[in-house]
Number of protein chains: 2
Amino acid sequence: MEKNQIALSIDDLPTKWYNIAPDLPEPLPAPKEPESGPSRMEFLGKTMTHECLKQEKATERWTPIPEEIRSLYIQAGRPRPLYRAKRLEKHLRLRNVRLYYKREDLSPTGSHKVNTALAQAYYAAKEGKTTLVTETGAGQWGSALSYAATVMGLDCVVFWVRAVYNWKTDRRTLMKLMGAEVHSSPSKETNFGRSLLAKNSNHQGSLGIAVSEGLEYAETHDGSVYCLGSVLNHVLIHQSIIGLESIKQFELVDDSPDLIIGCLGGGSNFGGIALPFAGEVLQKKRKCEFLAAQSEAAPNLVKGEYRYDFGDVAEHTPLLKMFTLGHKTEMVPIKADGLRYHAAAPLISALRHHNLVKAIAYPANEKAIFEAARIFLQTEGWLIAPESSYAVRAGIDEALKAEKAGKEKVICMNISGHGFLDLQAYKEKLSME
Amino acid sequence: MEKNQIALSIDDLPTKWYNIAPDLPEPLPAPKEPESGPSRMEFLGKTMTHECLKQEKATERWTPIPEEIRSLYIQAGRPRPLYRAKRLEKHLRLRNVRLYYKREDLSPTGSHKVNTALAQAYYAAKEGKTTLVTETGAGQWGSALSYAATVMGLDCVVFWVRAVYNWKTDRRTLMKLMGAEVHSSPSKETNFGRSLLAKNSNHQGSLGIAVSEGLEYAETHDGSVYCLGSVLNHVLIHQSIIGLESIKQFELVDDSPDLIIGCLGGGSNFGGIALPFAGEVLQKKRKCEFLAAQSEAAPNLVKGEYRYDFGDVAEHTPLLKMFTLGHKTEMVPIKADGLRYHAAAPLISALRHHNLVKAIAYPANEKAIFEAARIFLQTEGWLIAPESSYAVRAGIDEALKAEKAGKEKVICMNISGHGFLDLQAYKEKLSME
C-alpha cells in the first residue's frame, strides 16, 4: 500500500532549535551602526524582548525549546507531515528523481510564520509584556502574530499598509477575529501617522511607514514589544523546527535529499527548512545542495550585492551584511507578496557568499508559477500559497532537468502556506472565468 | 508538558468501515417506490455505481476499505487528529467537564465530504466510468467531488445552483482549478436546463433543478455516474472513518466520551462521528449520548415527522423513511448552508426514532453560532466552518450546563470543516468593520 504521508509522532517533536552561526565557514559579520543618526542597536534593545535579542547574538549551535513553546507547537498542529510526491512524480514521468514536500500550509493561519510568532509571544509574556506590536505587508505575518497573541492571552497591534489593508478584507477579518487591533497605516495612532495624514488624508502608506508607526507605538506604550517576522537571526533559529523535523522524517523512510528548495523573500521560510540540513553539510555529515526560488521583482540573491544595508526602508534597523538590492529599491507588485523584500537574511547571505546556496528568479508575470501550483493541486491535491508555488515551480524544473540527464536525485520542496485566501490571485493569473 | 493533540499513527488507520444497520433495534425501513411515475430504484440503479448501490443495501456490520482508498485517505491527510480542548475548557472555567474535538477541517477541500468522495471516485474508476456528475448547493460537496475526480484522474461535472454560483467565486475557482466542469444551473447542458432558460434566461435555479440536470446528464452521457454527498447509507458508511479513528484516539488517552455532538443537515458529518460510537452503545459495549446541532431554518430532527418522503425536491429518489419537514419545504437562507436540508438520513432518523439521538435547533440569525466560533478561534486557534460552529455552540452550552450541575462529563465535538472561505460570513454575522 502506498503511504505518501510521512508523519512524525508527537513525542519526536524536536526539543532544540538549531543555529547555523557557529557552523559558518567564517564568523557572521556583526551588525553595524550607520554613520549618522541615533543608535539603532539601543533602539532595538528597547523595543524587542531580551530573549530574542540574546538569541540574535547567539553563537551556540543549539537552543533548548521551552516546554511551553513545544506545547504551543503541538497545539498548532506540529509536527507537520513530510510527503513523498509520488503523484506529481508520476505526472512528470520521473523514473530517476524522487520528490518530497514539507507541509507548513497546515498552520492555523496558513503559513510557517506561526513558528516564530509563538516563540516571540511566549518570551514577551514571560518578560511581563502585554502587547505585541508589528507591521505587515502581505498580511501573513500580521495574521500569525495575531494568532500567537490570542493563544498567549496578549494584545496585538498591527499596522498594515493602507493599499493592502483596503483590499485584503478576508485577511483583515481573520486578524480582527483573533482579537488584534488592526490599523490602516498611516494611522491616527502615532505622531508620524498623524503628520502624514495631515498632509494627505488619503495617503496609501508603505511598509517603511508601517514599520515606523509600529516602532513609535511600541516605544511609547508601556508593556509593548516590537516583533519581527523574518530576516533576523532569532527568527531563523525558531524556523529551524521545519528542517529539524524534516531530517527525522527522511530518516524514517531511509532517504536523504540531494537538493532542498524553498521560496525566498527575506528568508525565514527558506532558512527554516534549509539551515538544519546546511549545518550538517558544513559539519561534513551529509551532502546536499540548496536552491532559493525568487521573483524577478525582488531577486536579492540573484542580482543583489553583498554589502551592509538597512533592513527596512525607514532606516530604523542597524546595518546588516546582506545580499541586497538597496533598501530604497521599488519593487513591482506580484501576487506572491511575501517574496517582495529587498535583501536576504544575513545568515542566508553568508551561505550564498560561500557558494552554499544557489538562487533562481522567475518572471514577475507569475504565469509559470501559478501553472505549477495548478499541477500540484491536480496531482497532490493541495491548494498552496503563491509564495510556495515558486518552490514547486523550481522543484518541477529541477526534477525534469535531472531526469533528462538520467541522474538519480532526491528533491525536497518546502510548502510555506496554503492558498485558500489567494483564490482571486489564481483566478486572475490563470485567466479563469 | 501539555500535549493537546492526540494523533493516530498512519499504521493505525482503520481497515474497515462500519455500518450500523445490523445493530439497529429493528430493521431499517426499506426504500419504497412512490405511487406514481417511473421506477426510482431502477433509475438510481442506472446512474450510480454498483458498489455504492450494494453498500446501500448492506446488512453486514463491516466493509473492508480497499487498500487503494486507504492510500487516498493517507494522501488526503488521514488519520486526522483528535484534540483535547484544554484551552477552551480553561476559558469556560470547566472543572468537571472535559472537551474534545475531531479535526475534519484539515481536509484538502476544507470539509469531511472528501471521505465519501474518494470512495465513490475509486469505485467509479474501478467500474470503468470516466466522469463523476453531481449537483452542489453550498459548494462543499462539489469541491470534494472535484478533488476526488482529479486525484483519481477522472472528469467531473458539477451543476451548481445559479444563485450561489454567482457569488461564491472563490469556491468556483477552486473547483475549476481542480479541473471540474462547473455549470451554473439551469444550464444549456441539458434539455431540462434549456427548457427553463427558454422561459427565463435569468433563472436563479434551485437544488432540485440542479439534481435534475445532473441526473439527466449522467443518464445521457456514457461513462458517467451520479454521486451523492449525504443522506444515503453508503455515504454514512464511508464517513464512519471519522468515528472509528476517534474511538482509537480516546483509547490512546484512556478516556471515553459521554456525549458526542455534530452539526446535522442531511447527516453525513454527524453520522460519521456518531454511528461507530452508537453501534457500541447498541452492542452494550459503552454508554454515550448523541446530540445533533441544527438550525431553525431546517430543524428536521427537532420538528420533522418520521415518515416516507423523497430525498430531493424534484422527486427523483425513491421514498425513504426519515424525519422530514417535507421535501417541498422552503428554508430561509443561513450562512451554514450545508445544514439546509429538509430531512435527516434514514439511519440517523431510525436512531432518533428509538430515542438514541437528541437534537437542538439554534435561531436562524446565527449570532450565537458565530460568537461560539470566535471563542473557539481565540482559545483553540482554529478558524472553523459556520456548520461546525453549531457543534461548538452546542458543546459549549452542554459543558456549561453539566458544570453548573456539578456533573463530570466528557464531550466530543466534530469539526466538519474550516472557515477560510467563509470569512465574509464571519464579518457580516459579527458586525465587524
# chains A, B, ... in the order shown; residues from 1 in each chain; ligands from 1

call {"tool": "residues_around", "arguments": {"residues": "Asp309 in chain A", "least_positions_apart": "6", "cutoff": "10 Å", "atoms": "only C-alpha atoms", "output": "VMD selection string"}}
result
chain A and resid 31 to 32 34 315 317 to 327 342 to 343

call {"tool": "write_last_selection", "arguments": {"atoms": "N, CA, C and O atoms", "output": "PDB file, in the first residue's frame"}}
result
ATOM      1  N   PRO A  31      26.325  43.214  13.050  1.00  0.00           N
ATOM      2  CA  PRO A  31      25.549  44.403  12.656  1.00  0.00           C
ATOM      3  C   PRO A  31      26.367  45.653  12.971  1.00  0.00           C
ATOM      4  O   PRO A  31      27.226  45.626  13.856  1.00  0.00           O
ATOM      5  N   LYS A  32      26.122  46.724  12.243  1.00  0.00           N
ATOM      6  CA  LYS A  32      26.869  47.967  12.449  1.00  0.00           C
ATOM      7  C   LYS A  32      25.909  49.135  12.640  1.00  0.00           C
ATOM      8  O   LYS A  32      24.807  49.139  12.103  1.00  0.00           O
ATOM      9  N   PRO A  34      24.844  52.850  11.599  1.00  0.00           N
ATOM     10  CA  PRO A  34      25.100  53.722  10.450  1.00  0.00           C
ATOM     11  C   PRO A  34      25.896  54.963  10.894  1.00  0.00           C
ATOM     12  O   PRO A  34      26.014  55.231  12.093  1.00  0.00           O
ATOM     13  N   GLU A 315      15.017  52.974   7.667  1.00  0.00           N
ATOM     14  CA  GLU A 315      16.332  53.058   8.305  1.00  0.00           C
ATOM     15  C   GLU A 315      16.295  53.019   9.829  1.00  0.00           C
ATOM     16  O   GLU A 315      17.042  53.722  10.493  1.00  0.00           O
ATOM     17  N   THR A 317      16.632  49.990  11.472  1.00  0.00           N
ATOM     18  CA  THR A 317      17.454  48.872  11.943  1.00  0.00           C
ATOM     19  C   THR A 317      18.932  49.236  11.851  1.00  0.00           C
ATOM     20  O   THR A 317      19.307  50.171  11.136  1.00  0.00           O
ATOM     21  N   PRO A 318      19.783  48.491  12.553  1.00  0.00           N
ATOM     22  CA  PRO A 318      21.220  48.631  12.319  1.00  0.00           C
ATOM     23  C   PRO A 318      21.517  48.208  10.877  1.00  0.00           C
ATOM     24  O   PRO A 318      20.658  47.644  10.203  1.00  0.00           O
ATOM     25  N   LEU A 319      22.741  48.436  10.452  1.00  0.00           N
ATOM     26  CA  LEU A 319      23.158  47.948   9.129  1.00  0.00           C
ATOM     27  C   LEU A 319      23.512  46.470   9.253  1.00  0.00           C
ATOM     28  O   LEU A 319      24.198  46.063  10.195  1.00  0.00           O
ATOM     29  N   LEU A 320      23.023  45.670   8.311  1.00  0.00           N
ATOM     30  CA  LEU A 320      23.276  44.227   8.323  1.00  0.00           C
ATOM     31  C   LEU A 320      23.976  43.858   7.029  1.00  0.00           C
ATOM     32  O   LEU A 320      23.655  44.409   5.967  1.00  0.00           O
ATOM     33  N   LYS A 321      24.926  42.921   7.090  1.00  0.00           N
ATOM     34  CA  LYS A 321      25.614  42.497   5.873  1.00  0.00           C
ATOM     35  C   LYS A 321      24.745  41.467   5.150  1.00  0.00           C
ATOM     36  O   LYS A 321      24.520  40.360   5.649  1.00  0.00           O
ATOM     37  N   MET A 322      24.267  41.867   3.994  1.00  0.00           N
ATOM     38  CA  MET A 322      23.290  41.032   3.288  1.00  0.00           C
ATOM     39  C   MET A 322      23.456  41.160   1.776  1.00  0.00           C
ATOM     40  O   MET A 322      23.961  42.178   1.294  1.00  0.00           O
ATOM     41  N   PHE A 323      22.955  40.187   1.033  1.00  0.00           N
ATOM     42  CA  PHE A 323      22.734  40.392  -0.392  1.00  0.00           C
ATOM     43  C   PHE A 323      21.521  41.298  -0.515  1.00  0.00           C
ATOM     44  O   PHE A 323      20.425  40.941  -0.105  1.00  0.00           O
ATOM     45  N   THR A 324      21.755  42.488  -1.076  1.00  0.00           N
ATOM     46  CA  THR A 324      20.673  43.477  -1.096  1.00  0.00           C
ATOM     47  C   THR A 324      20.569  44.171  -2.452  1.00  0.00           C
ATOM     48  O   THR A 324      21.568  44.328  -3.166  1.00  0.00           O
ATOM     49  N   LEU A 325      19.339  44.549  -2.746  1.00  0.00           N
ATOM     50  CA  LEU A 325      19.067  45.339  -3.948  1.00  0.00           C
ATOM     51  C   LEU A 325      19.103  46.829  -3.598  1.00  0.00           C
ATOM     52  O   LEU A 325      18.936  47.685  -4.464  1.00  0.00           O
ATOM     53  N   GLY A 326      19.322  47.130  -2.326  1.00  0.00           N
ATOM     54  CA  GLY A 326      19.256  48.510  -1.832  1.00  0.00           C
ATOM     55  C   GLY A 326      17.923  48.717  -1.120  1.00  0.00           C
ATOM     56  O   GLY A 326      16.877  48.381  -1.657  1.00  0.00           O
ATOM     57  N   HIS A 327      17.992  49.291   0.091  1.00  0.00           N
ATOM     58  CA  HIS A 327      16.772  49.327   0.913  1.00  0.00           C
ATOM     59  C   HIS A 327      15.725  50.315   0.407  1.00  0.00           C
ATOM     60  O   HIS A 327      14.610  50.336   0.914  1.00  0.00           O
ATOM     61  N   HIS A 342      13.802  43.502  -0.135  1.00  0.00           N
ATOM     62  CA  HIS A 342      15.000  43.958  -0.856  1.00  0.00           C
ATOM     63  C   HIS A 342      16.263  43.161  -0.558  1.00  0.00           C
ATOM     64  O   HIS A 342      17.229  43.229  -1.319  1.00  0.00           O
ATOM     65  N   ALA A 343      16.277  42.419   0.564  1.00  0.00           N
ATOM     66  CA  ALA A 343      17.526  41.751   0.951  1.00  0.00           C
ATOM     67  C   ALA A 343      17.263  40.386   1.563  1.00  0.00           C
ATOM     68  O   ALA A 343      16.170  40.120   2.052  1.00  0.00           O
TER      69      ALA A 343
END

call {"tool": "interface_residues", "arguments": {"of": "chain B", "to": "chain A", "cutoff": "7 Å", "atoms": "only C-alpha atoms", "output": "PyMOL selection string"}}
result
chain B and resi 1-5+67+71+74-75+108+147+150-151+170+173+177-178+374+377-379+381-382+420-421+423-424+427

call {"tool": "closest_atom_pairs", "arguments": {"of": "range 318-423 of chain B", "to": "range 242-263 of chain B", "cutoff": "12 Å", "atoms": "only C-alpha atoms", "output": "JSON lines"}}
result
{"residue": "B:Ala336", "atom": "CA", "partner": "B:Cys263", "partner_atom": "CA", "distance": 9.9}
{"residue": "B:Asp337", "atom": "CA", "partner": "B:Cys263", "partner_atom": "CA", "distance": 11.7}
{"residue": "B:Gly338", "atom": "CA", "partner": "B:Cys263", "partner_atom": "CA", "distance": 9.4}
{"residue": "B:Leu339", "atom": "CA", "partner": "B:Cys263", "partner_atom": "CA", "distance": 7.6}
{"residue": "B:Arg340", "atom": "CA", "partner": "B:Cys263", "partner_atom": "CA", "distance": 11.2}
{"residue": "B:Ala344", "atom": "CA", "partner": "B:Cys263", "partner_atom": "CA", "distance": 11.5}
{"residue": "B:Leu356", "atom": "CA", "partner": "B:Leu259", "partner_atom": "CA", "distance": 11.4}
{"residue": "B:Val357", "atom": "CA", "partner": "B:Ile260", "partner_atom": "CA", "distance": 9.8}
{"residue": "B:Lys358", "atom": "CA", "partner": "B:Ile261", "partner_atom": "CA", "distance": 9.5}
{"residue": "B:Ala359", "atom": "CA", "partner": "B:Ile261", "partner_atom": "CA", "distance": 9.4}
{"residue": "B:Ile360", "atom": "CA", "partner": "B:Cys263", "partner_atom": "CA", "distance": 9.6}
{"residue": "B:Ala361", "atom": "CA", "partner": "B:Cys263", "partner_atom": "CA", "distance": 9.9}
{"residue": "B:Tyr362", "atom": "CA", "partner": "B:Cys263", "partner_atom": "CA", "distance": 10.8}
{"residue": "B:Ile369", "atom": "CA", "partner": "B:Cys263", "partner_atom": "CA", "distance": 11.4}
{"residue": "B:Ala385", "atom": "CA", "partner": "B:Cys263", "partner_atom": "CA", "distance": 10.8}
{"residue": "B:Pro386", "atom": "CA", "partner": "B:Cys263", "partner_atom": "CA", "distance": 9.8}
{"residue": "B:Glu387", "atom": "CA", "partner": "B:Cys263", "partner_atom": "CA", "distance": 6.4}
{"residue": "B:Ser388", "atom": "CA", "partner": "B:Cys263", "partner_atom": "CA", "distance": 6.2}
{"residue": "B:Ser389", "atom": "CA", "partner": "B:Cys263", "partner_atom": "CA", "distance": 8.0}
{"residue": "B:Tyr390", "atom": "CA", "partner": "B:Cys263", "partner_atom": "CA", "distance": 5.7}
{"residue": "B:Ala391", "atom": "CA", "partner": "B:Gly262", "partner_atom": "CA", "distance": 5.0}
{"residue": "B:Val392", "atom": "CA", "partner": "B:Ile261", "partner_atom": "CA", "distance": 8.2}
{"residue": "B:Arg393", "atom": "CA", "partner": "B:Cys263", "partner_atom": "CA", "distance": 9.8}
{"residue": "B:Ala394", "atom": "CA", "partner": "B:Ile261", "partner_atom": "CA", "distance": 7.3}
{"residue": "B:Gly395", "atom": "CA", "partner": "B:Ile261", "partner_atom": "CA", "distance": 6.7}
{"residue": "B:Ile396", "atom": "CA", "partner": "B:Ile261", "partner_atom": "CA", "distance": 10.5}
{"residue": "B:Asp397", "atom": "CA", "partner": "B:Ile261", "partner_atom": "CA", "distance": 11.2}
{"residue": "B:Glu398", "atom": "CA", "partner": "B:Leu259", "partner_atom": "CA", "distance": 9.1}
{"residue": "B:Ala399", "atom": "CA", "partner": "B:Leu259", "partner_atom": "CA", "distance": 10.0}
{"residue": "B:Ala402", "atom": "CA", "partner": "B:Leu259", "partner_atom": "CA", "distance": 11.1}
{"residue": "B:Lys407", "atom": "CA", "partner": "B:Asp258", "partner_atom": "CA", "distance": 11.3}
{"residue": "B:Glu408", "atom": "CA", "partner": "B:Asp258", "partner_atom": "CA", "distance": 9.4}
{"residue": "B:Lys409", "atom": "CA", "partner": "B:Asp258", "partner_atom": "CA", "distance": 6.1}
{"residue": "B:Val410", "atom": "CA", "partner": "B:Pro257", "partner_atom": "CA", "distance": 4.8}
{"residue": "B:Ile411", "atom": "CA", "partner": "B:Leu259", "partner_atom": "CA", "distance": 4.8}
{"residue": "B:Cys412", "atom": "CA", "partner": "B:Ile260", "partner_atom": "CA", "distance": 4.9}
{"residue": "B:Met413", "atom": "CA", "partner": "B:Ile261", "partner_atom": "CA", "distance": 4.8}
{"residue": "B:Asn414", "atom": "CA", "partner": "B:Gly262", "partner_atom": "CA", "distance": 5.2}
{"residue": "B:Ile415", "atom": "CA", "partner": "B:Gly262", "partner_atom": "CA", "distance": 7.6}
{"residue": "B:Ser416", "atom": "CA", "partner": "B:Cys263", "partner_atom": "CA", "distance": 8.0}
{"residue": "B:Gly417", "atom": "CA", "partner": "B:Cys263", "partner_atom": "CA", "distance": 10.9}

call {"tool": "closest_residue", "arguments": {"among": "B:Leu118, B:Ala138, B:Ala210, B:Leu264", "to": "Val302 in chain B", "atoms": "only C-alpha atoms"}}
result
B:Leu264

call {"tool": "closest_residue", "arguments": {"among": "B:Ala297, B:Ala180, B:Val97, B:Leu232", "to": "Lys404 in chain B", "atoms": "only C-alpha atoms"}}
result
B:Val97

call {"tool": "select_by_dssp", "arguments": {"residues": "range 128-174 of chain B", "states": "strand (DSSP E or B)", "output": "list in words"}}
result
Thr131, Leu132, Val133, Thr134, Glu135, Thr136, Asp155, Cys156, Val157, Val158, Phe159, Trp160 and Val161 of chain B

call {"tool": "decode", "arguments": {"residues": "range 97-126 of chain B", "atoms": "N, CA, C and O atoms", "output": "mmCIF file, in the first residue's frame"}}
result
data_model
loop_
_atom_site.group_PDB
_atom_site.id
_atom_site.type_symbol
_atom_site.label_atom_id
_atom_site.label_comp_id
_atom_site.auth_asym_id
_atom_site.auth_seq_id
_atom_site.Cartn_x
_atom_site.Cartn_y
_atom_site.Cartn_z
ATOM 1 N N VAL B 97 -15.850 19.109 33.494
ATOM 2 C CA VAL B 97 -16.140 18.696 32.114
ATOM 3 C C VAL B 97 -14.863 18.702 31.280
ATOM 4 O O VAL B 97 -14.085 19.648 31.336
ATOM 5 N N ARG B 98 -14.674 17.631 30.516
ATOM 6 C CA ARG B 98 -13.549 17.572 29.581
ATOM 7 C C ARG B 98 -14.090 17.650 28.164
ATOM 8 O O ARG B 98 -15.041 16.942 27.819
ATOM 9 N N LEU B 99 -13.482 18.526 27.351
ATOM 10 C CA LEU B 99 -13.942 18.735 25.976
ATOM 11 C C LEU B 99 -12.905 18.210 24.983
ATOM 12 O O LEU B 99 -11.704 18.407 25.180
ATOM 13 N N TYR B 100 -13.379 17.578 23.924
ATOM 14 C CA TYR B 100 -12.516 17.102 22.842
ATOM 15 C C TYR B 100 -13.121 17.557 21.512
ATOM 16 O O TYR B 100 -14.319 17.824 21.422
ATOM 17 N N TYR B 101 -12.279 17.601 20.473
ATOM 18 C CA TYR B 101 -12.834 17.831 19.134
ATOM 19 C C TYR B 101 -12.026 17.096 18.076
ATOM 20 O O TYR B 101 -10.812 16.941 18.198
ATOM 21 N N LYS B 102 -12.732 16.647 17.047
ATOM 22 C CA LYS B 102 -12.120 15.906 15.942
ATOM 23 C C LYS B 102 -11.987 16.855 14.758
ATOM 24 O O LYS B 102 -12.907 17.596 14.436
ATOM 25 N N ARG B 103 -10.826 16.783 14.037
ATOM 26 C CA ARG B 103 -10.479 17.833 13.083
ATOM 27 C C ARG B 103 -10.633 17.459 11.614
ATOM 28 O O ARG B 103 -9.647 17.343 10.886
ATOM 29 N N GLU B 104 -11.862 17.386 11.141
ATOM 30 C CA GLU B 104 -12.094 17.159 9.715
ATOM 31 C C GLU B 104 -11.788 18.396 8.868
ATOM 32 O O GLU B 104 -11.753 18.341 7.639
ATOM 33 N N ASP B 105 -11.559 19.538 9.537
ATOM 34 C CA ASP B 105 -11.207 20.771 8.820
ATOM 35 C C ASP B 105 -9.866 20.664 8.107
ATOM 36 O O ASP B 105 -9.546 21.492 7.249
ATOM 37 N N LEU B 106 -9.068 19.646 8.430
ATOM 38 C CA LEU B 106 -7.757 19.512 7.777
ATOM 39 C C LEU B 106 -7.857 18.871 6.394
ATOM 40 O O LEU B 106 -6.843 18.647 5.735
ATOM 41 N N SER B 107 -9.039 18.612 5.943
ATOM 42 C CA SER B 107 -9.249 18.016 4.614
ATOM 43 C C SER B 107 -8.773 18.949 3.498
ATOM 44 O O SER B 107 -8.776 20.167 3.654
ATOM 45 N N PRO B 108 -8.364 18.391 2.358
ATOM 46 C CA PRO B 108 -7.836 19.212 1.249
ATOM 47 C C PRO B 108 -8.812 20.272 0.739
ATOM 48 O O PRO B 108 -8.376 21.334 0.295
ATOM 49 N N THR B 109 -10.114 19.986 0.779
ATOM 50 C CA THR B 109 -11.070 20.986 0.296
ATOM 51 C C THR B 109 -11.762 21.681 1.463
ATOM 52 O O THR B 109 -12.652 22.494 1.252
ATOM 53 N N GLY B 110 -11.369 21.322 2.680
ATOM 54 C CA GLY B 110 -11.907 22.019 3.846
ATOM 55 C C GLY B 110 -13.161 21.428 4.445
ATOM 56 O O GLY B 110 -13.810 22.097 5.241
ATOM 57 N N SER B 111 -13.538 20.192 4.090
ATOM 58 C CA SER B 111 -14.653 19.558 4.790
ATOM 59 C C SER B 111 -14.532 18.037 4.761
ATOM 60 O O SER B 111 -13.773 17.479 3.964
ATOM 61 N N HIS B 112 -15.338 17.391 5.627
ATOM 62 C CA HIS B 112 -15.356 15.923 5.735
ATOM 63 C C HIS B 112 -15.857 15.247 4.460
ATOM 64 O O HIS B 112 -15.743 14.035 4.323
ATOM 65 N N LYS B 113 -16.431 15.998 3.531
ATOM 66 C CA LYS B 113 -17.062 15.405 2.344
ATOM 67 C C LYS B 113 -16.096 14.554 1.513
ATOM 68 O O LYS B 113 -16.524 13.650 0.799
ATOM 69 N N VAL B 114 -14.807 14.834 1.592
ATOM 70 C CA VAL B 114 -13.840 14.045 0.811
ATOM 71 C C VAL B 114 -13.835 12.569 1.200
ATOM 72 O O VAL B 114 -13.454 11.725 0.389
ATOM 73 N N ASN B 115 -14.242 12.246 2.422
ATOM 74 C CA ASN B 115 -14.198 10.838 2.852
ATOM 75 C C ASN B 115 -15.046 9.942 1.964
ATOM 76 O O ASN B 115 -14.652 8.822 1.646
ATOM 77 N N THR B 116 -16.215 10.412 1.574
ATOM 78 C CA THR B 116 -17.051 9.612 0.681
ATOM 79 C C THR B 116 -16.726 9.908 -0.788
ATOM 80 O O THR B 116 -16.807 9.022 -1.638
ATOM 81 N N ALA B 117 -16.326 11.130 -1.090
ATOM 82 C CA ALA B 117 -15.996 11.476 -2.484
ATOM 83 C C ALA B 117 -14.886 10.565 -3.002
ATOM 84 O O ALA B 117 -14.963 10.046 -4.130
ATOM 85 N N LEU B 118 -13.856 10.336 -2.198
ATOM 86 C CA LEU B 118 -12.747 9.484 -2.629
ATOM 87 C C LEU B 118 -13.212 8.051 -2.855
ATOM 88 O O LEU B 118 -12.819 7.402 -3.835
ATOM 89 N N ALA B 119 -14.056 7.552 -1.960
ATOM 90 C CA ALA B 119 -14.549 6.182 -2.117
ATOM 91 C C ALA B 119 -15.377 6.072 -3.400
ATOM 92 O O ALA B 119 -15.199 5.138 -4.197
ATOM 93 N N GLN B 120 -16.261 7.027 -3.619
ATOM 94 C CA GLN B 120 -17.126 6.969 -4.803
ATOM 95 C C GLN B 120 -16.311 7.094 -6.095
ATOM 96 O O GLN B 120 -16.591 6.421 -7.083
ATOM 97 N N ALA B 121 -15.299 7.949 -6.068
ATOM 98 C CA ALA B 121 -14.457 8.111 -7.260
ATOM 99 C C ALA B 121 -13.690 6.818 -7.539
ATOM 100 O O ALA B 121 -13.563 6.388 -8.693
ATOM 101 N N TYR B 122 -13.196 6.196 -6.483
ATOM 102 C CA TYR B 122 -12.455 4.947 -6.654
ATOM 103 C C TYR B 122 -13.341 3.863 -7.279
ATOM 104 O O TYR B 122 -12.939 3.195 -8.234
ATOM 105 N N TYR B 123 -14.558 3.709 -6.754
ATOM 106 C CA TYR B 123 -15.448 2.675 -7.291
ATOM 107 C C TYR B 123 -15.834 2.982 -8.737
ATOM 108 O O TYR B 123 -15.948 2.078 -9.571
ATOM 109 N N ALA B 124 -16.059 4.264 -9.030
ATOM 110 C CA ALA B 124 -16.419 4.649 -10.406
ATOM 111 C C ALA B 124 -15.305 4.251 -11.370
ATOM 112 O O ALA B 124 -15.551 3.640 -12.414
ATOM 113 N N ALA B 125 -14.073 4.578 -11.001
ATOM 114 C CA ALA B 125 -12.932 4.232 -11.867
ATOM 115 C C ALA B 125 -12.827 2.719 -12.025
ATOM 116 O O ALA B 125 -12.601 2.206 -13.122
ATOM 117 N N LYS B 126 -13.028 2.005 -10.938
ATOM 118 C CA LYS B 126 -12.912 0.538 -10.965
ATOM 119 C C LYS B 126 -13.966 -0.078 -11.876
ATOM 120 O O LYS B 126 -13.742 -1.121 -12.496
#
